[in-house]
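As stored in entry.txt (compact mmCIF, C-alpha atoms and all ligand atoms):
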# COMPACT_ATOMS: atom_id res chain seq x y z
CA MET A 1 7.38 5.71 -29.81
CA VAL A 2 8.08 3.44 -26.89
CA LYS A 3 5.69 0.93 -25.40
CA PHE A 4 6.16 0.01 -21.77
CA ILE A 5 4.82 -1.77 -18.72
CA HIS A 6 5.45 -0.19 -15.33
CA ILE A 7 5.27 -1.88 -11.92
CA ALA A 8 6.62 -1.08 -8.45
CA ASP A 9 6.57 -2.32 -4.88
CA VAL A 10 5.97 -5.96 -5.65
CA HIS A 11 7.52 -6.83 -2.26
CA LEU A 12 8.28 -10.43 -3.24
CA GLY A 13 8.80 -12.53 -0.12
CA VAL A 14 6.45 -10.60 2.13
CA THR A 15 4.01 -12.60 4.28
CA PRO A 16 0.88 -10.43 4.66
CA ASP A 17 -1.63 -10.88 7.50
CA THR A 18 0.70 -13.06 9.56
CA GLY A 19 -1.24 -15.61 11.60
CA LYS A 20 -4.25 -15.65 9.27
CA PRO A 21 -5.05 -18.88 7.40
CA TRP A 22 -4.63 -17.17 4.00
CA SER A 23 -1.26 -15.61 4.83
CA LYS A 24 0.89 -18.16 2.98
CA ARG A 25 -1.48 -18.14 0.03
CA ARG A 26 -1.14 -14.39 -0.26
CA GLN A 27 2.64 -14.74 -0.24
CA ARG A 28 2.42 -17.13 -3.21
CA GLU A 29 -0.11 -14.92 -4.99
CA ILE A 30 2.32 -12.03 -4.90
CA TRP A 31 4.82 -14.17 -6.79
CA ASP A 32 2.00 -15.23 -9.14
CA SER A 33 1.05 -11.62 -9.82
CA PHE A 34 4.64 -10.87 -10.81
CA ALA A 35 4.61 -13.85 -13.18
CA GLU A 36 1.33 -12.52 -14.62
CA VAL A 37 3.01 -9.23 -15.46
CA ILE A 38 5.73 -11.17 -17.28
CA ALA A 39 2.98 -13.07 -19.14
CA ALA A 40 1.40 -9.74 -20.11
CA ALA A 41 4.80 -8.58 -21.37
CA LYS A 42 5.09 -11.80 -23.35
CA SER A 43 1.82 -11.21 -25.19
CA GLU A 44 2.06 -7.42 -25.51
CA SER A 45 5.83 -7.29 -26.21
CA PRO A 46 6.52 -3.80 -24.87
CA ASP A 47 9.95 -2.26 -25.46
CA PHE A 48 10.48 -1.79 -21.74
CA LEU A 49 9.45 -3.19 -18.40
CA PHE A 50 10.09 -0.56 -15.72
CA ILE A 51 10.40 -1.84 -12.16
CA THR A 52 10.65 1.18 -9.92
CA GLY A 53 11.81 -0.15 -6.58
CA ASP A 54 11.08 -2.64 -3.83
CA LEU A 55 10.80 -5.67 -6.09
CA PHE A 56 11.70 -7.60 -2.92
CA HIS A 57 10.42 -7.00 0.57
CA ALA A 58 13.89 -7.57 2.07
CA GLN A 59 17.41 -8.49 0.90
CA PRO A 60 16.83 -11.11 -1.82
CA LEU A 61 18.38 -14.56 -1.68
CA LYS A 62 20.41 -15.71 -4.66
CA LYS A 63 17.72 -18.32 -5.31
CA GLU A 64 15.04 -15.61 -5.45
CA LEU A 65 17.04 -13.61 -7.98
CA GLY A 66 17.28 -16.82 -9.99
CA GLU A 67 13.48 -17.11 -10.04
CA VAL A 68 13.14 -13.51 -11.18
CA ASP A 69 15.91 -13.78 -13.78
CA ALA A 70 14.32 -16.91 -15.27
CA LEU A 71 11.11 -14.93 -15.80
CA PHE A 72 13.04 -12.04 -17.39
CA ARG A 73 14.58 -14.56 -19.81
CA GLU A 74 11.07 -15.38 -21.04
CA ILE A 75 10.75 -11.86 -22.48
CA PRO A 76 14.08 -11.37 -24.32
CA ASP A 77 12.64 -8.64 -26.58
CA THR A 78 11.61 -6.48 -23.63
CA LYS A 79 14.31 -4.53 -21.84
CA VAL A 80 13.86 -4.73 -18.09
CA LEU A 81 14.99 -1.61 -16.24
CA LEU A 82 15.17 -2.04 -12.52
CA VAL A 83 15.73 0.46 -9.74
CA VAL A 84 16.40 -1.05 -6.32
CA GLY A 85 14.30 0.49 -3.53
CA ASN A 86 14.69 1.09 0.19
CA HIS A 87 13.42 -2.36 1.20
CA ASP A 88 15.94 -4.42 -0.79
CA TYR A 89 18.56 -1.63 -0.97
CA LEU A 90 21.98 -2.36 -2.42
CA ARG A 91 24.81 -3.31 -0.12
CA PRO A 92 28.37 -4.18 -1.16
CA LYS A 93 27.49 -7.87 -0.81
CA SER A 94 24.06 -7.66 -2.46
CA TYR A 95 23.45 -10.47 -4.95
CA TYR A 96 21.85 -7.83 -7.19
CA LEU A 97 25.38 -6.63 -8.00
CA THR A 98 26.98 -9.97 -8.84
CA TYR A 99 24.10 -12.00 -10.27
CA PRO A 100 24.67 -13.03 -13.92
CA TRP A 101 21.53 -11.34 -15.25
CA ALA A 102 19.98 -12.01 -18.65
CA ASP A 103 21.11 -9.65 -21.44
CA ASN A 104 17.78 -7.79 -21.43
CA VAL A 105 18.14 -6.74 -17.77
CA TYR A 106 19.46 -3.29 -16.87
CA ILE A 107 19.96 -2.65 -13.17
CA PHE A 108 20.81 0.78 -11.77
CA LYS A 109 23.80 -0.19 -9.65
CA ARG A 110 25.58 3.09 -8.94
CA GLU A 111 25.16 5.28 -5.88
CA GLU A 112 24.48 8.32 -8.04
CA ALA A 113 21.93 8.76 -10.82
CA GLU A 114 22.77 7.16 -14.14
CA CYS A 115 21.25 6.82 -17.58
CA PHE A 116 20.69 3.95 -19.98
CA ASP A 117 20.49 5.26 -23.53
CA PHE A 118 18.51 3.46 -26.24
CA PRO A 119 19.21 5.34 -29.51
CA GLU A 120 17.23 2.76 -31.53
CA LYS A 121 14.10 3.83 -29.59
CA ASN A 122 15.23 7.45 -29.21
CA ALA A 123 14.73 6.95 -25.47
CA ALA A 124 16.89 7.60 -22.42
CA VAL A 125 16.00 6.12 -19.03
CA TYR A 126 17.35 7.68 -15.85
CA GLY A 127 17.30 6.38 -12.30
CA VAL A 128 19.17 5.74 -9.09
CA SER A 129 18.99 2.79 -6.70
CA TYR A 130 19.01 2.95 -2.91
CA TRP A 131 22.25 2.13 -1.15
CA ARG A 132 20.69 2.95 2.22
CA ARG A 133 17.41 2.35 3.97
CA GLU A 134 16.74 6.08 3.93
CA ILE A 135 17.65 8.91 1.57
CA ARG A 136 16.45 12.29 2.77
CA GLU A 137 18.11 14.33 0.01
CA ARG A 138 16.00 15.55 -2.91
CA LEU A 139 18.18 13.68 -5.42
CA TYR A 140 15.91 14.23 -8.42
CA ASP A 141 15.78 18.02 -8.15
CA GLY A 142 19.20 18.50 -9.70
CA LEU A 143 18.73 15.93 -12.43
CA HIS A 144 18.49 17.15 -16.04
CA PRO A 145 18.35 14.96 -19.15
CA ALA A 146 21.52 15.13 -21.22
CA ASP A 147 19.79 15.11 -24.62
CA ASN A 148 16.50 16.97 -24.97
CA GLY A 149 15.83 15.26 -28.30
CA ARG A 150 15.36 11.89 -26.62
CA ILE A 151 12.19 10.67 -24.93
CA ASN A 152 13.52 11.17 -21.40
CA ILE A 153 12.10 8.96 -18.68
CA LEU A 154 12.90 9.04 -14.97
CA LEU A 155 12.42 5.94 -12.84
CA ALA A 156 11.87 7.32 -9.34
CA HIS A 157 11.45 5.66 -5.98
CA GLY A 158 10.34 7.65 -2.96
CA GLY A 159 8.13 10.63 -2.29
CA ASP A 160 8.05 10.88 1.49
CA ASP A 161 10.39 12.65 3.91
CA GLY A 162 12.72 9.71 4.47
CA HIS A 163 12.80 8.48 0.89
CA ILE A 164 13.90 11.00 -1.75
CA PRO A 165 11.13 13.58 -1.42
CA PHE A 166 10.19 14.87 -4.87
CA SER A 167 7.69 16.86 -6.83
CA ALA A 168 6.69 15.40 -10.19
CA GLN A 169 6.14 18.92 -11.54
CA ARG A 170 9.70 19.88 -10.70
CA ILE A 171 11.12 16.79 -12.43
CA LEU A 172 9.03 17.48 -15.54
CA GLN A 173 10.20 21.10 -15.54
CA ASN A 174 13.77 19.80 -15.54
CA GLY A 175 13.08 18.37 -18.98
CA PHE A 176 11.83 14.85 -18.38
CA ASP A 177 8.96 13.64 -20.54
CA TYR A 178 7.67 10.99 -18.16
CA VAL A 179 8.12 9.91 -14.56
CA ALA A 180 7.49 6.29 -13.56
CA ALA A 181 7.52 6.26 -9.76
CA GLY A 182 7.27 3.75 -6.94
CA HIS A 183 7.29 3.54 -3.14
CA ILE A 184 3.84 4.83 -2.21
CA HIS A 185 1.56 1.79 -2.22
CA ARG A 186 -1.57 3.61 -3.32
CA GLY A 187 -1.11 4.31 -7.01
CA GLY A 188 -2.35 7.04 -9.32
CA TRP A 189 -1.34 9.93 -11.51
CA LEU A 190 1.07 12.44 -9.97
CA ALA A 191 0.73 14.62 -13.07
CA GLU A 192 -2.01 13.59 -15.51
CA GLY A 193 -0.52 11.70 -18.44
CA ARG A 194 3.08 12.52 -17.47
CA ALA A 195 3.92 11.09 -14.05
CA VAL A 196 2.51 8.03 -12.36
CA MET A 197 2.92 6.43 -8.94
CA ALA A 198 2.48 2.76 -9.79
CA GLY A 199 1.20 1.66 -6.37
CA SER A 200 2.11 -1.78 -5.10
CA LEU A 201 1.40 -4.55 -7.61
CA GLN A 202 -0.68 -6.28 -4.93
CA PRO A 203 -1.55 -4.92 -1.50
CA VAL A 204 1.27 -5.64 0.93
CA ASP A 205 -0.58 -4.68 4.08
CA CYS A 206 -4.26 -4.70 5.08
CA ASN A 207 -4.19 -0.89 5.04
CA ASP A 208 -3.26 -0.85 1.32
CA VAL A 209 -6.91 -0.46 0.33
CA GLY A 210 -8.32 -0.20 -3.17
CA PRO A 211 -7.27 -1.75 -6.48
CA HIS A 212 -3.69 -2.71 -7.32
CA GLY A 213 -1.98 -3.71 -10.54
CA TYR A 214 0.31 -2.54 -13.32
CA TRP A 215 0.43 0.30 -15.83
CA MET A 216 0.91 -0.09 -19.55
CA GLY A 217 1.02 2.34 -22.42
CA THR A 218 2.91 4.20 -25.08
CA LEU A 219 5.04 7.29 -24.94
CA THR A 220 6.21 9.82 -27.51
CA LYS A 221 7.77 13.28 -27.22
CA ALA A 222 4.23 14.61 -27.66
CA GLY A 223 2.63 12.72 -24.78
CA ALA A 224 1.65 9.42 -23.20
CA GLN A 225 -1.25 6.99 -23.51
CA VAL A 226 -1.04 4.97 -20.32
CA HIS A 227 -3.64 2.86 -18.52
CA PHE A 228 -3.98 1.00 -15.26
CA TYR A 229 -4.54 -2.79 -15.35
CA PRO A 230 -5.76 -4.28 -12.07
CA ILE A 231 -4.61 -7.69 -10.81
CA ARG A 232 -7.16 -9.03 -8.40
CA HIS A 233 -5.86 -11.77 -6.16
CA CYS A 234 -6.61 -9.64 -3.14
CA GLU A 235 -8.15 -6.28 -2.46
CA TYR A 236 -8.52 -4.95 1.09
CA CYS A 237 -11.65 -3.00 2.06
CA HIS A 238 -12.37 -1.13 5.25
CA GLU A 239 -16.04 -1.24 6.17
CA ALA A 240 -17.92 0.36 9.06
CA TYR A 241 -21.14 -0.62 10.84
CA GLU A 242 -23.22 1.97 12.66
CA VAL A 243 -23.94 0.46 16.08
CA HIS A 244 -26.74 1.74 18.37
CA PRO A 245 -27.48 0.75 21.98
CA LYS A 246 -29.92 -1.96 20.86
CA THR A 247 -27.58 -3.61 18.33
CA THR A 248 -27.23 -7.34 19.00
CA GLU A 249 -24.29 -9.64 18.44
CA ARG A 250 -26.33 -11.65 15.93
CA GLU A 251 -26.97 -8.49 13.90
CA LEU A 252 -23.21 -7.89 13.67
CA VAL A 253 -22.47 -11.49 12.68
CA GLU A 254 -25.17 -11.31 9.99
CA TRP A 255 -23.78 -8.07 8.65
CA ALA A 256 -20.30 -9.59 8.30
CA GLY A 257 -21.72 -12.76 6.73
CA GLU A 258 -23.75 -10.81 4.18
CA LEU A 259 -20.75 -8.69 3.31
CA LEU A 260 -18.73 -11.81 2.52
CA GLU A 261 -21.56 -13.24 0.48
CA LYS A 262 -22.27 -10.13 -1.56
CA ARG A 263 -18.75 -8.99 -2.33
CA PRO A 264 -16.31 -10.62 -4.73
CA GLU A 265 -14.08 -13.36 -3.39
CA TYR A 266 -10.89 -11.39 -3.83
CA GLN A 267 -11.99 -8.80 -1.27
CA TYR A 268 -10.68 -9.03 2.31
CA PHE A 269 -12.09 -6.90 5.10
CA ARG A 270 -11.09 -4.86 8.09
CA LEU A 271 -14.32 -4.10 9.96
CA PHE A 272 -14.97 -1.15 12.20
CA LEU A 273 -17.86 -0.77 14.63
CA LYS A 274 -18.83 2.86 15.12
CA GLY A 275 -21.52 4.63 17.09
CA ARG A 276 -22.94 4.15 20.60
CA LYS A 277 -23.42 0.96 22.56
CA ASP A 278 -25.12 -0.13 25.74
CA PRO A 279 -22.32 0.24 28.33
CA ASP A 280 -23.29 -3.10 29.94
CA ILE A 281 -22.84 -5.07 26.72
CA VAL A 282 -19.52 -6.65 25.79
CA TYR A 283 -19.66 -7.98 22.24
CA ASP A 284 -17.97 -11.30 21.60
CA LEU A 285 -16.63 -10.77 18.09
CA SER A 286 -14.71 -14.03 17.79
CA ALA A 287 -17.34 -15.52 15.43
CA ILE A 288 -16.68 -12.67 13.00
CA GLU A 289 -12.93 -12.72 13.43
CA GLU A 290 -12.82 -16.42 12.58
CA MET A 291 -14.59 -15.89 9.26
CA GLU A 292 -12.63 -16.36 6.06
CA ARG A 293 -11.40 -13.05 4.54
CA ILE A 294 -12.01 -11.03 7.73
CA VAL A 295 -8.67 -9.55 8.79
CA ASP A 296 -9.94 -8.02 12.03
CA VAL A 297 -12.77 -6.18 13.76
CA THR A 298 -12.12 -2.96 15.63
CA GLU A 299 -14.59 -1.45 18.09
CA GLN A 300 -14.74 2.33 18.03
CA LEU A 301 -17.82 2.52 20.21
CA VAL A 302 -18.85 5.08 22.75
CA PRO A 303 -20.87 3.83 25.76
CA ASP A 304 -24.39 5.19 25.85
CA TYR A 305 -24.65 6.15 29.55
CA ASP A 306 -27.83 7.03 31.38
CA TYR A 307 -26.28 9.66 33.66
CA GLU A 308 -29.37 10.13 35.84
CA LYS A 309 -29.49 6.42 36.59
CA LEU A 310 -25.76 6.35 37.29
CA SER A 311 -26.09 9.27 39.73
CA GLU A 312 -28.74 7.36 41.66
CA GLU A 313 -26.76 4.13 41.61
CA TYR A 314 -23.58 5.81 42.81
CA ALA A 315 -25.18 8.36 45.19
CA GLY A 316 -22.64 9.90 47.57
CA SER A 317 -19.65 8.85 45.48
CA LEU A 318 -17.13 10.79 43.46
CA LEU A 319 -18.94 9.63 40.34
CA GLU A 320 -22.18 11.30 41.42
CA ALA A 321 -20.31 14.50 42.31
CA TYR A 322 -18.56 14.51 38.94
CA ILE A 323 -21.78 14.02 36.95
CA GLY A 324 -23.42 16.77 38.99
CA ARG A 325 -20.58 19.23 38.42
CA MET A 326 -20.41 18.56 34.67
CA GLY A 327 -24.18 19.05 34.51
CA ARG A 328 -23.81 22.63 35.73
CA LYS A 329 -21.38 23.53 32.92
CA PRO A 330 -22.53 24.81 29.52
CA GLN A 331 -23.70 21.69 27.63
CA ASP A 332 -21.43 21.90 24.59
CA VAL A 333 -19.53 19.14 22.78
CA ARG A 334 -16.49 19.57 25.05
CA THR A 335 -18.49 19.17 28.24
CA LYS A 336 -20.22 16.09 26.87
CA LYS A 337 -16.89 14.52 25.90
CA ALA A 338 -15.36 15.39 29.28
CA LEU A 339 -18.38 13.88 31.04
CA GLU A 340 -18.12 10.70 29.01
CA TYR A 341 -14.32 10.31 29.46
CA GLY A 342 -14.56 11.09 33.18
CA VAL A 343 -17.34 8.57 33.76
CA ASN A 344 -15.43 5.97 31.75
CA ALA A 345 -12.33 6.53 33.86
CA LEU A 346 -14.26 6.43 37.16
CA LEU A 347 -16.06 3.25 36.16
CA GLY A 348 -12.80 1.72 35.02
CA HIS A 349 -14.00 1.23 31.43
CA LYS A 350 -11.68 1.90 28.63
CA LEU A 351 -12.69 3.41 25.33
MN MN B 401 9.82 1.81 -0.91
Once you've parsed the file, please lay out its structure as structure tokens.
Ligand SMILES: [Mn+2]
Amino acid sequence: MVKFIHIADVHLGVTPDTGKPWSKRRQREIWDSFAEVIAAAKSESPDFLFITGDLFHAQPLKKELGEVDALFREIPDTKVLLVVGNHDYLRPKSYYLTYPWADNVYIFKREEAECFDFPEKNAAVYGVSYWRREIRERLYDGLHPADNGRINILLAHGGDDGHIPFSAQRILQNGFDYVAAGHIHRGGWLAEGRAVMAGSLQPVDCNDVGPHGYWMGTLTKAGAQVHFYPIRHCEYCHEAYEVHPKTTERELVEWAGELLEKRPEYQYFRLFLKGRKDPDIVYDLSAIEEMERIVDVTEQLVPDYDYEKLSEEYAGSLLEAYIGRMGRKPQDVRTKKALEYGVNALLGHKL
């Protein structure tokens, strides 16, 4: 049996929400969250810590590798297996290659897939690091474990068109017992109990919604017992407000304020205003945008025109002619949209 912790896409060094007052704090919290995983490894003493790509957001400095290596030295009984991802990909001069790593650190350094064998745990761990920003080849498809008696684990990074597209089912069919994957920031099972996309350890971008954290569990030839452990320095939420023509600015400010009050402090928000608004009203949303933990507010509002009134107001103009002509068409969704877009354009409003 092997016990392991699995993380991916830590993106150390990233500065999320640039320009926001909490940006720097979030950068530090991402380092903190990585240290918290090391602390978990210290108390749980797993056999392995799998890091499946994009530990750093960009090419790491030697100093940054020193910080990471010092943490790895705090867990000498845990073997750290690290695949380098597309963000911090290996280059001939990468410090990853020359850094004097602690003895418990195993970095996949070759351009082709390789395997670290651990006979004492009857486990073999396969992986390949990125030497380029993009790898479009399906590198994992042709990969088969050398010894079917071992607990065979693949550390994968990718899953979209530009980054080693793969199917977890296919890898498992090739004889692997477990796939620990990274790259896609929203985590979850790719194949229940057998293949997991870790998700980023913390959200990197305000569109990385939902919980983030690490995975821990045990693995035998017969199956896995693996669970997700959230780390909650920051969780982004997208929330929408249904606006109607009578909605006031105060109502919107109160909604945002209540949201911040009711929801836990680790939640940050992107707000969206949906629905119809009085075409003469321009909301000033700066009060909301200046609130703590509000990333931004986006209006997705459709003006609620009174076409009869407009026709009277603009009698004899192109606008009146347009409204009249659209009124003689069958009144389906397309006509209504065309009417709205046309009137917007003629009035010089933008949606
Ligand atoms: Mn990646």
task = Quote the spacing between atom CA of Lys337 of chain A and atom CA of Phe272 of chain A in Å to one decimal place.
result = 20.9 Å
request  = Using all atoms listed in the file, pick whichever of A:Ile184, A:Arg73, A:Ile135, A:Glu120 has the shortest atom-to-atom distance to Asp54 of chain A.
outcome  = A:Ile184
request  = Can you tell me which residues come within 6 Å of ligand MN 401 (chain B) when counting all atoms listed in the file, ideally as a ChimeraX atom specification?
outcome  = /A:54,85-87,183
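Closest to Pro203 of chain A among A:Tyr341, A:Trp255, A:Phe118, A:Tyr266 is A:Tyr266, based on all atoms listed in the file.
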query = Quick one, how far is atom CA of Phe166 of chain A from atom CA of Arg138 of chain A?
reply =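 Result for atom CA of Phe166 of chain A versus atom CA of Arg138 of chain A: 6.2 Å, one decimal.
Going from atom CA of Phe48 of chain A over to atom CA of Thr98 of chain A, you cover 22.5 Å.
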key: Long-range neighbours of segment 279-289 of chain A as a ChimeraX atom specification, 12 Å cut-off, only C-alpha atoms, 6 positions minimum in chain   = /A:20-21,243-260,268-273,295-299,301-307,310,340,343-344,347-351
Keeping only C-alpha atoms, write the selected residues to a file as a PDB file, keeping the file's coordinate frame.
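The result, stored in again_19.pdb:
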ATOM      1  CA  LYS A  20      -4.250 -15.650   9.270  1.00  0.00           C
ATOM      2  CA  PRO A  21      -5.050 -18.880   7.400  1.00  0.00           C
ATOM      3  CA  VAL A 243     -23.940   0.460  16.080  1.00  0.00           C
ATOM      4  CA  HIS A 244     -26.740   1.740  18.370  1.00  0.00           C
ATOM      5  CA  PRO A 245     -27.480   0.750  21.980  1.00  0.00           C
ATOM      6  CA  LYS A 246     -29.920  -1.960  20.860  1.00  0.00           C
ATOM      7  CA  THR A 247     -27.580  -3.610  18.330  1.00  0.00           C
ATOM      8  CA  THR A 248     -27.230  -7.340  19.000  1.00  0.00           C
ATOM      9  CA  GLU A 249     -24.290  -9.640  18.440  1.00  0.00           C
ATOM     10  CA  ARG A 250     -26.330 -11.650  15.930  1.00  0.00           C
ATOM     11  CA  GLU A 251     -26.970  -8.490  13.900  1.00  0.00           C
ATOM     12  CA  LEU A 252     -23.210  -7.890  13.670  1.00  0.00           C
ATOM     13  CA  VAL A 253     -22.470 -11.490  12.680  1.00  0.00           C
ATOM     14  CA  GLU A 254     -25.170 -11.310   9.990  1.00  0.00           C
ATOM     15  CA  TRP A 255     -23.780  -8.070   8.650  1.00  0.00           C
ATOM     16  CA  ALA A 256     -20.300  -9.590   8.300  1.00  0.00           C
ATOM     17  CA  GLY A 257     -21.720 -12.760   6.730  1.00  0.00           C
ATOM     18  CA  GLU A 258     -23.750 -10.810   4.180  1.00  0.00           C
ATOM     19  CA  LEU A 259     -20.750  -8.690   3.310  1.00  0.00           C
ATOM     20  CA  LEU A 260     -18.730 -11.810   2.520  1.00  0.00           C
ATOM     21  CA  TYR A 268     -10.680  -9.030   2.310  1.00  0.00           C
ATOM     22  CA  PHE A 269     -12.090  -6.900   5.100  1.00  0.00           C
ATOM     23  CA  ARG A 270     -11.090  -4.860   8.090  1.00  0.00           C
ATOM     24  CA  LEU A 271     -14.320  -4.100   9.960  1.00  0.00           C
ATOM     25  CA  PHE A 272     -14.970  -1.150  12.200  1.00  0.00           C
ATOM     26  CA  LEU A 273     -17.860  -0.770  14.630  1.00  0.00           C
ATOM     27  CA  VAL A 295      -8.670  -9.550   8.790  1.00  0.00           C
ATOM     28  CA  ASP A 296      -9.940  -8.020  12.030  1.00  0.00           C
ATOM     29  CA  VAL A 297     -12.770  -6.180  13.760  1.00  0.00           C
ATOM     30  CA  THR A 298     -12.120  -2.960  15.630  1.00  0.00           C
ATOM     31  CA  GLU A 299     -14.590  -1.450  18.090  1.00  0.00           C
ATOM     32  CA  LEU A 301     -17.820   2.520  20.210  1.00  0.00           C
ATOM     33  CA  VAL A 302     -18.850   5.080  22.750  1.00  0.00           C
ATOM     34  CA  PRO A 303     -20.870   3.830  25.760  1.00  0.00           C
ATOM     35  CA  ASP A 304     -24.390   5.190  25.850  1.00  0.00           C
ATOM     36  CA  TYR A 305     -24.650   6.150  29.550  1.00  0.00           C
ATOM     37  CA  ASP A 306     -27.830   7.030  31.380  1.00  0.00           C
ATOM     38  CA  TYR A 307     -26.280   9.660  33.660  1.00  0.00           C
ATOM     39  CA  LEU A 310     -25.760   6.350  37.290  1.00  0.00           C
ATOM     40  CA  GLU A 340     -18.120  10.700  29.010  1.00  0.00           C
ATOM     41  CA  VAL A 343     -17.340   8.570  33.760  1.00  0.00           C
ATOM     42  CA  ASN A 344     -15.430   5.970  31.750  1.00  0.00           C
ATOM     43  CA  LEU A 347     -16.060   3.250  36.160  1.00  0.00           C
ATOM     44  CA  GLY A 348     -12.800   1.720  35.020  1.00  0.00           C
ATOM     45  CA  HIS A 349     -14.000   1.230  31.430  1.00  0.00           C
ATOM     46  CA  LYS A 350     -11.680   1.900  28.630  1.00  0.00           C
ATOM     47  CA  LEU A 351     -12.690   3.410  25.330  1.00  0.00           C
TER      48      LEU A 351
END
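Distance annotation: of A:Gly275, A:Pro16, A:Gly217, A:Pro211, the residue with the minimal separation from Arg194 of chain A is A:Gly217; atom set is all atoms listed in the file.
Shell of Glu308 of chain A at 10 Å, with only C-alpha atoms counted and residues fewer than 3 places along the chain excluded, is Tyr305, Ser311, Glu312, Glu313, Glu320, Ile323 and Gly324 of chain A.
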inquiry  = Please return as a PyMOL selection string every residue within 7 Å of (20.9, 10.5, -23.8), taking into account all atoms listed in the file and the file's own coordinates.
reply    = chain A and resi 117+124+145-147+150
request  = Fewer than 4 positions away in the same chain doesn't count, so skip those; otherwise give me all residues within 8 Å of Thr15 of chain A, counting only C-alpha atoms, as a ChimeraX atom specification.
outcome  = /A:23-24,26-27
Nearby residues (all atoms listed in the file) at most 12 Å from Arg132 of chain A, same-chain spacing under 4 positions excluded, as a list in words =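 The residues that qualify are Gln59, Val84, Gly85, Asn86, His87, Asp88, Tyr89, Leu90, Arg91, Pro92, Glu111, Val128, Arg136, Glu137, Gly162, His163 and Ile164 of chain A.
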message = Residues within 10 Å of Ala180 of chain A, please, as a ChimeraX atom specification. Count only C-alpha atoms; anything in the same chain fewer than 2 positions from it doesn't count.
response = /A:5-8,50-52,127,153-157,168,178,182,189-190,194-198,215
Those same residues, written as a CSV table (one decimal), in the coordinates of the input with C-alpha atoms?
chain,number,residue,atom,x,y,z
A,5,ILE,CA,4.8,-1.8,-18.7
A,6,HIS,CA,5.4,-0.2,-15.3
A,7,ILE,CA,5.3,-1.9,-11.9
A,8,ALA,CA,6.6,-1.1,-8.4
A,50,PHE,CA,10.1,-0.6,-15.7
A,51,ILE,CA,10.4,-1.8,-12.2
A,52,THR,CA,10.6,1.2,-9.9
A,127,GLY,CA,17.3,6.4,-12.3
A,153,ILE,CA,12.1,9.0,-18.7
A,154,LEU,CA,12.9,9.0,-15.0
A,155,LEU,CA,12.4,5.9,-12.8
A,156,ALA,CA,11.9,7.3,-9.3
A,157,HIS,CA,11.4,5.7,-6.0
A,168,ALA,CA,6.7,15.4,-10.2
A,178,TYR,CA,7.7,11.0,-18.2
A,182,GLY,CA,7.3,3.8,-6.9
A,189,TRP,CA,-1.3,9.9,-11.5
A,190,LEU,CA,1.1,12.4,-10.0
A,194,ARG,CA,3.1,12.5,-17.5
A,195,ALA,CA,3.9,11.1,-14.0
A,196,VAL,CA,2.5,8.0,-12.4
A,197,MET,CA,2.9,6.4,-8.9
A,198,ALA,CA,2.5,2.8,-9.8
A,215,TRP,CA,0.4,0.3,-15.8
A:Ile30, A:Ala191, A:Cys115, A:Val179 ranked by distance to His212 of chain A, top pick (using all atoms listed in the file) =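 Ranked by minimum distance to His212 of chain A, first place goes to A:Ile30.
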Size and centre in Å, one decimal, axis-aligned box, all listed segment 257-266 of chain A atoms plus 5 Å per side, as AutoDock Vina command-line options:
--center_x -17.3 --center_y -11.0 --center_z 1.0 --size_x 22.9 --size_y 14.7 --size_z 21.5
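Proximity ranking of A:Val37, A:Leu81, A:Val2, A:Ala123 relative to Tyr106 of chain A places A:Leu81 first, based on all atoms listed in the file.
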